Structure formats: C-alpha cells, structure tokens
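J.: Got a file for you: coords34.cif, mmCIF, C-alpha atoms.
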```cif
data_target
#
loop_
_atom_site.label_atom_id
_atom_site.label_comp_id
_atom_site.auth_asym_id
_atom_site.auth_seq_id
_atom_site.Cartn_x
_atom_site.Cartn_y
_atom_site.Cartn_z
CA MET F 1 16.14 123.48 163.23
CA ASN F 2 13.72 126.05 164.67
CA THR F 3 11.51 123.24 166.00
CA GLU F 4 14.42 121.95 168.06
CA TYR F 5 15.22 125.48 169.25
CA PHE F 6 11.69 126.12 170.51
CA ALA F 7 11.48 122.66 172.08
CA GLU F 8 14.67 123.41 174.02
CA LEU F 9 13.35 126.85 174.93
CA SER F 10 10.14 125.29 176.27
CA ARG F 11 12.14 122.88 178.40
CA LEU F 12 14.28 125.72 179.78
CA PHE F 13 11.23 127.88 180.56
CA ALA F 14 9.66 125.00 182.50
CA ALA F 15 12.92 124.31 184.34
CA ARG F 16 13.01 127.95 185.46
CA GLY F 17 9.54 127.74 186.94
CA MET F 18 7.38 129.19 184.18
CA PRO F 19 3.85 127.68 184.30
CA ALA F 20 2.98 125.35 181.44
CA GLN F 21 0.31 127.70 180.10
CA GLU F 22 2.82 130.55 180.02
CA VAL F 23 5.37 128.34 178.27
CA ALA F 24 2.93 127.50 175.48
CA ALA F 25 1.74 131.11 175.08
CA THR F 26 5.25 132.55 175.05
CA VAL F 27 6.58 130.02 172.53
CA THR F 28 3.55 130.59 170.30
CA ASP F 29 4.15 134.33 170.38
CA LEU F 30 7.85 133.95 169.65
CA THR F 31 7.11 131.61 166.75
CA GLY F 32 4.63 134.10 165.31
CA TYR F 33 7.07 136.95 165.68
CA LEU F 34 9.80 134.98 163.92
CA ALA F 35 7.48 134.31 160.98
CA GLU F 36 6.42 137.97 160.73
CA SER F 37 9.99 139.25 160.96
CA GLY F 38 11.05 137.26 157.90
CA SER F 39 13.89 135.60 159.78
CA SER F 40 14.43 131.88 159.22
CA ASP F 41 16.84 131.22 162.10
CA ALA F 42 15.54 131.43 165.65
CA ARG F 43 19.01 131.14 167.14
CA GLU F 44 20.26 134.07 165.09
CA GLU F 45 17.23 136.18 166.00
CA PHE F 46 16.98 135.40 169.73
CA GLY F 47 20.42 134.09 170.60
CA ALA F 48 21.33 130.91 172.49
CA PRO F 49 18.24 129.35 174.12
CA GLU F 50 19.86 129.26 177.58
CA ALA F 51 20.64 132.98 177.59
CA PHE F 52 17.28 133.88 176.04
CA ALA F 53 15.39 131.81 178.62
CA ASP F 54 17.33 133.52 181.41
CA ARG F 55 16.47 136.93 179.98
CA LEU F 56 12.73 136.23 179.78
CA THR F 57 12.31 134.48 183.12
CA ARG F 58 14.23 136.64 185.53
CA ASP F 59 12.68 139.57 187.36
CA HIS F 60 15.98 141.38 187.72
CA ASP F 61 19.72 140.84 187.53
CA GLY F 62 19.78 138.32 190.37
CA GLU F 63 20.95 140.67 193.12
CA ARG F 64 18.71 140.76 196.17
CA PRO F 65 17.17 144.20 196.69
CA GLU F 66 17.77 146.08 199.91
CA PRO F 67 15.16 145.31 202.60
CA GLU F 68 13.71 148.85 202.45
CA ALA F 69 13.56 148.95 198.65
CA GLU F 70 10.17 149.50 197.02
CA THR F 71 9.18 147.32 194.05
CA TRP F 72 6.61 148.30 191.44
CA LYS F 73 5.74 146.14 188.43
CA TRP F 74 3.76 147.70 185.61
CA THR F 75 3.04 147.49 181.90
CA SER F 76 1.84 149.76 179.11
CA ASP F 77 1.42 149.81 175.35
CA ILE F 78 4.16 151.07 173.04
CA TYR F 79 2.40 154.41 172.58
CA THR F 80 2.99 155.43 176.20
CA ASP F 81 5.90 153.34 177.48
CA ARG F 82 8.68 155.91 176.92
CA LEU F 83 6.62 158.76 178.33
CA LEU F 84 5.81 156.77 181.46
CA LEU F 85 9.32 155.40 181.88
CA ASN F 86 10.75 158.91 181.95
CA ARG F 87 7.95 160.29 184.10
CA TYR F 88 8.45 157.68 186.78
CA GLY F 89 12.18 157.59 186.27
CA ALA F 90 12.16 161.22 187.36
CA GLU F 91 10.53 159.99 190.59
CA GLY F 92 13.42 157.64 191.24
CA TRP F 93 12.10 154.38 189.76
CA GLU F 94 14.90 152.32 188.23
CA VAL F 95 13.89 149.56 185.82
CA GLU F 96 15.93 146.44 186.55
CA GLY F 97 14.38 144.23 183.90
CA ILE F 98 11.25 143.00 182.16
CA ASP F 99 9.70 139.86 183.59
CA PHE F 100 8.33 136.96 181.55
CA VAL F 101 4.79 138.38 181.47
CA GLY F 102 6.03 141.66 180.04
CA ARG F 103 6.05 143.95 183.08
CA PHE F 104 8.70 146.52 183.84
CA VAL F 105 10.25 145.57 187.18
CA SER F 106 11.03 148.90 188.85
CA ARG F 107 12.73 149.45 192.19
CA ARG F 108 13.48 152.43 194.36
CA THR F 109 15.10 152.87 197.76
CA PRO F 110 13.62 155.84 199.66
CA GLY F 111 16.30 158.24 200.85
CA ASP F 112 18.83 156.84 198.39
CA ALA F 113 17.02 157.20 195.06
CA MET F 114 18.22 159.03 191.97
CA ARG F 115 16.45 160.20 188.84
CA TRP F 116 16.60 158.02 185.72
CA GLU F 117 15.98 158.55 182.03
CA TYR F 118 15.04 155.91 179.47
CA ARG F 119 14.96 155.25 175.77
CA ARG F 120 13.64 152.48 173.55
CA GLU F 121 15.40 151.20 170.45
CA THR F 122 14.59 148.55 167.86
CA ALA F 123 17.07 145.88 166.83
CA HIS F 124 16.70 142.51 165.13
CA GLY F 125 19.14 139.76 166.03
CA GLU F 126 22.13 139.66 168.32
CA LYS F 127 24.41 141.40 165.84
CA GLU F 128 22.18 144.50 165.60
CA ARG F 129 21.71 144.56 169.37
CA GLY F 130 25.47 144.37 169.91
CA ALA F 131 26.07 147.26 167.51
CA LEU F 132 23.36 149.30 169.21
CA LEU F 133 24.86 148.71 172.64
CA ALA F 134 28.33 149.69 171.40
CA GLU F 135 26.88 152.93 170.05
CA LEU F 136 25.02 153.91 173.22
CA GLU F 137 27.38 152.74 175.98
CA PRO F 138 29.85 155.64 175.61
CA ASP F 139 27.01 158.03 176.51
CA GLY F 140 26.22 156.16 179.70
CA TRP F 141 23.27 154.09 178.46
CA GLU F 142 22.90 150.51 179.66
CA PRO F 143 20.27 147.93 178.69
CA CYS F 144 17.51 147.42 181.26
CA GLY F 145 15.09 145.12 179.48
CA ARG F 146 14.12 143.57 176.20
CA TRP F 147 10.95 142.27 174.66
CA LEU F 148 11.26 140.69 171.24
CA HIS F 149 12.80 143.34 168.97
CA MET F 150 12.47 146.23 171.45
CA THR F 151 15.40 146.99 173.75
CA TYR F 152 15.13 149.49 176.61
CA PHE F 153 18.04 151.51 177.96
CA LYS F 154 18.50 153.55 181.13
CA ARG F 155 21.00 155.99 182.56
CA PRO F 156 21.02 158.26 185.62
CA LEU F 157 19.85 161.78 184.84
CA ALA F 158 22.99 162.93 186.64
CA ALA F 159 24.88 161.95 183.46
CA GLY F 160 23.42 165.04 181.81
CA MET F 161 22.16 167.22 184.68
CA GLY F 162 24.77 166.75 187.38
CA PRO F 163 23.73 167.56 190.97
CA ALA F 164 20.38 168.92 189.72
CA ALA F 165 19.31 165.32 189.17
CA ASP F 166 19.40 164.51 192.89
CA LEU F 167 16.03 163.41 194.26
CA ALA F 168 15.27 164.98 197.62
CA VAL F 169 11.73 163.62 198.04
CA THR F 170 10.28 160.36 196.68
CA PRO F 171 6.55 160.47 195.83
CA ALA F 172 4.34 157.60 196.94
CA PRO F 173 4.46 154.51 194.73
CA PRO F 174 1.88 154.63 191.90
CA ALA F 175 -1.38 152.84 192.58
CA ARG F 176 -1.76 151.74 188.96
CA HIS F 177 -0.02 148.82 187.30
CA VAL F 178 -1.56 148.87 183.81
CA PHE F 179 -1.55 151.80 181.38
CA PHE F 180 -3.50 151.76 178.11
CA SER F 181 -3.48 154.76 175.79
CA ALA F 182 -6.55 156.01 173.94
CA LYS F 183 -4.93 154.95 170.66
CA TYR F 184 -4.47 151.39 171.87
CA ARG F 185 -8.04 151.20 173.21
CA GLY F 186 -9.27 152.48 169.85
CA LEU F 187 -7.41 149.73 167.99
CA ILE F 188 -8.88 147.09 170.26
CA ALA F 189 -12.36 148.58 169.74
CA VAL F 190 -11.93 148.37 165.95
CA PHE F 191 -10.86 144.76 166.28
CA ALA F 192 -13.79 143.84 168.56
CA VAL F 193 -16.41 145.57 166.41
CA SER F 194 -15.05 143.96 163.23
CA VAL F 195 -15.18 140.49 164.77
CA VAL F 196 -18.74 141.01 166.04
CA LEU F 197 -19.96 142.36 162.69
CA LEU F 198 -18.34 139.50 160.83
CA ALA F 199 -19.83 136.88 163.15
CA LEU F 200 -23.33 138.40 163.04
CA SER F 201 -23.25 138.87 159.29
CA LEU F 202 -22.19 135.29 158.68
CA GLY F 203 -24.62 133.94 161.28
CA PHE F 204 -27.66 135.73 159.83
CA GLY F 205 -26.66 135.31 156.21
CA LEU F 206 -26.26 139.04 155.67
CA ILE F 207 -23.07 138.66 153.66
CA ASP F 208 -23.28 137.72 150.02
CA LEU F 209 -20.67 135.01 149.79
CA ASP F 210 -20.62 135.54 146.04
CA ARG F 211 -18.89 138.82 146.84
CA PRO F 212 -15.77 137.66 148.67
CA TRP F 213 -14.39 141.20 148.90
CA VAL F 214 -16.93 141.94 151.64
CA VAL F 215 -15.71 139.05 153.75
CA LEU F 216 -12.09 139.95 153.05
CA THR F 217 -12.69 143.57 154.08
CA LEU F 218 -14.14 142.58 157.45
CA LEU F 219 -11.47 139.95 157.98
CA GLY F 220 -8.79 142.49 157.13
CA ALA F 221 -10.15 144.97 159.64
CA ALA F 222 -10.34 142.32 162.35
CA VAL F 223 -6.90 140.89 161.72
CA GLY F 224 -5.31 144.31 161.27
CA GLY F 225 -6.83 145.63 164.47
CA GLY F 226 -5.75 142.54 166.35
CA LEU F 227 -2.17 142.71 165.10
CA LEU F 228 -1.84 146.42 165.85
CA GLY F 229 -3.38 145.93 169.25
CA SER F 230 -1.07 143.08 170.17
CA TYR F 231 1.91 145.09 168.97
CA GLY F 232 0.64 148.00 171.03
CA VAL F 233 0.85 145.99 174.17
CA GLY F 234 4.33 145.05 173.00
CA ARG F 235 5.77 143.31 176.00
CA ASP F 236 2.53 141.81 177.31
CA VAL F 237 1.39 139.57 174.49
CA ALA F 238 2.44 136.35 176.19
CA LYS F 239 -0.51 136.01 178.54
CA GLY F 240 -2.47 139.22 178.88
CA ILE F 241 -2.25 141.70 181.70
CA GLU F 242 -1.36 140.43 185.17
CA SER F 243 -1.43 142.94 187.97
CA ALA F 244 1.22 142.90 190.65
#
```
Can you give me the file's structure in the form of structure tokens?
T.:
Amino acid sequence: MNTEYFAELSRLFAARGMPAQEVAATVTDLTGYLAESGSSDAREEFGAPEAFADRLTRDHDGERPEPEAETWKWTSDIYTDRLLLNRYGAEGWEVEGIDFVGRFVSRRTPGDAMRWEYRRETAHGEKERGALLAELEPDGWEPCGRWLHMTYFKRPLAAGMGPAADLAVTPAPPARHVFFSAKYRGLIAVFAVSVVLLALSLGFGLIDLDRPWVVLTLLGAAVGGGLLGSYGVGRDVAKGIESA
C-alpha cells in the first residue's frame, strides 16, 4: 500500500517539475520518516498524494506577488528557526510557504509591510493537524508552511499590539540565506569525527573485532550524530542547502 503511495507521489513530483534527483531524495526521506514515526499508513500520515505533492512543490499559495515585492528564501536548523522567523517577521517578512528544498519563502512589499509573528507546532497525521488548526485559528494564527511533522503558523503582530505593530521603515533584505546554530554545527562535528575514527580504526586494524562493543559505540555515535544533525536541519534534509 505504501509502495503504491510513494510511487504515485514520485509521479506527481515529476509532473510538477521537480528534478529526478530531488524526487528520489525526497521520497527516500519521507520513507525514512514514516519508518521512524512508527506509522504504517503513508496516506494517513501525509494525506492524499495530490494535496501533499502540491504542498511540497509550490513556492507560495499561487498568487502572483506584486511587482515591487521583495522575495527572500532562507533556511535554518530547528534550534534557531523560531527565533529567526520572529526576528525577521518584525522587519516585515511574511512567510508564504516552504518550498520543496526546505526553504522559507518570505515576501515583503516596501511601504506596505506589516510586522509578523510565528510559531512552530508538532503534529502527526492529518487528524492532529486539523485539531491543531482548529485550536489556533480563533487567535488569528494561520498555517504558513509544513515540513514533515512540523507545522508553522503566522499572524500579524497587530493582532496583539494594534497600531504599534505598524512598520514605518523596512530594513534592507538580509544578505544571508543559510543559518546554522552552534549546537547544530557541534552535532555535525560529532558525526564527522565518529565516522573518521571508525574508518581509520577499521582500516588500520586498531579495533579489536572480538570486542564488538567498541564498534557499536563508534557506530552509535556516528548514527546518532547524523540523525540529530538531519533533524536539526529539519526542512532541508531532501537535498542539502541550496542558496537562493
């Protein structure tokens, strides 16, 4: 059943213009996530393949931006995403979606921008996401992007601050497009060092294979660091970082 689901998803990704390499990487990541989540039904977890493919392959809601609108696409790990979303939301950047390589698609129209605030919530499956949306909508929150089990919400700061949320001056667009925290870089360093040590130890016969706990320890460090690092990137596991 899941094989048919992912085959259909691959076809839909390709039909929407996703490169073949991206199709394979995205489906592999989704398959891995499904296995780790403990769910046995891809349709229940991700929803109908047509809607899910639309969600992962569109840059925004389909409306053409105004000619003078600024667009900024960026990504971060999960340790800094909420901080950065709210920092740049206060500068008038409105997230309109998350593209299929995991970047926040942010837009702003100089002279007509407002401040935004953001939050991130976790939900598994369409039922949980529906309940979450029903809980947050009365307070003015609306979904602005989703990557696997993470759903992002936005609302104008005016909902809580009133006229004080007006943005008189818009700072220059950020020059950066990729943000890695020290914690994420540390996890990647642990992963890289563990892999190198394991490879060198095996290559030079430094590991006593009669003591499998040594091998398992190094493998555990490598795998654990890799999993935490990939989760840290969160929305960008499909293909690695791609700058705008």
J.: Neighbours of segment 21-33 of chain F within 9 Å (all atoms listed in the file; same-chain residues fewer than 6 positions away dropped), as a list in words?
T.: Asn2, Phe6, Ala7, Leu9, Ser10, Arg11, Phe13, Ala14, Ala42, Phe100, Val101, Leu148, Val237, Ala238 and Lys239 of chain F
J.: Give as a ChimeraX atom specification the residues that the PyMOL selection byres ((chain F and resi 174-179) around 6) matches when applied to the coordinates above.
T.: /F:74-76,173,180
J.: Please report the interatomic distance between atom CA of Tyr152 of chain F and atom CA of Arg119 of chain F in Å with one decimal.
T.: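 One can read the atom CA of Tyr152 of chain F to atom CA of Arg119 of chain F distance as 5.8 Å.
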J.: Atom CA of His149 of chain F to atom CA of Met114 of chain F: how many Å, to one decimal?
T.: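 That distance, rounded to one decimal, is 28.4 Å.
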J.: Please expand the PyMOL selection byres ((chain F and resi 55) around 9) into the concrete residues it hits in this file, giving the result as a list of chain:residue names.
T.: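 So the PyMOL selection byres ((chain F and resi 55) around 9) ends up selecting F:Glu50, F:Ala51, F:Phe52, F:Ala53, F:Asp54, F:Leu56, F:Thr57, F:Arg58, F:Asp59, F:His60, F:Gly97, F:Ile98, F:Asp99, F:Phe100, F:Gly145, F:Arg146.
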J.: Quick one: apply the PyMOL selection byres ((chain F and resi 167) around 8) to the file and drop the selected residues here as a count of residues only.
T.: 10
J.: With distances taken over all atoms listed in the file, which of F:Arg120, F:Arg16, F:Lys127, F:Arg108 is nearest to Ala90 of chain F?
T.: F:Arg108
J.: Compile the contact shell of Asp139 of chain F as a list in words: residues with an atom at most 12 Å away, counting only C-alpha atoms, same-chain residues fewer than 4 positions apart removed.
T.: Leu132, Leu133, Ala134, Glu135, Phe153, Lys154, Arg155, Pro156, Leu157, Ala158, Ala159 and Gly160 of chain F
J.: Between F:Pro143, F:Thr71, F:Pro171, F:Val196, which is the closest to Gly111 of chain F once you count all atoms listed in the file?
T.: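 Among the listed residues, F:Pro171 lies closest to Gly111 of chain F.
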J.: Take every atom of segment 137-155 of chain F listed in the file, pad by 6 Å on each side, and give me the axis-aligned box centre and edge lengths in Å, one decimal, as JSON.
T.:
```
{"center_x": 20.4, "center_y": 149.4, "center_z": 175.8, "size_x": 30.9, "size_y": 29.3, "size_z": 25.6}
```
J.: What does the distance between atom CA of Glu44 of chain F and atom CA of Gly125 of chain F come to in Å, to one decimal place?
T.: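 Computed distance, atom CA of Glu44 of chain F to atom CA of Gly125 of chain F, equals 5.9 Å.
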J.: Measuring atom to atom with only C-alpha atoms, identify which of F:Ser40, F:Ala20, F:Thr80, F:Phe46 is nearest to Ala123 of chain F.
T.: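 Once distances to Ala123 of chain F are computed over only C-alpha atoms, the minimum belongs to F:Phe46.
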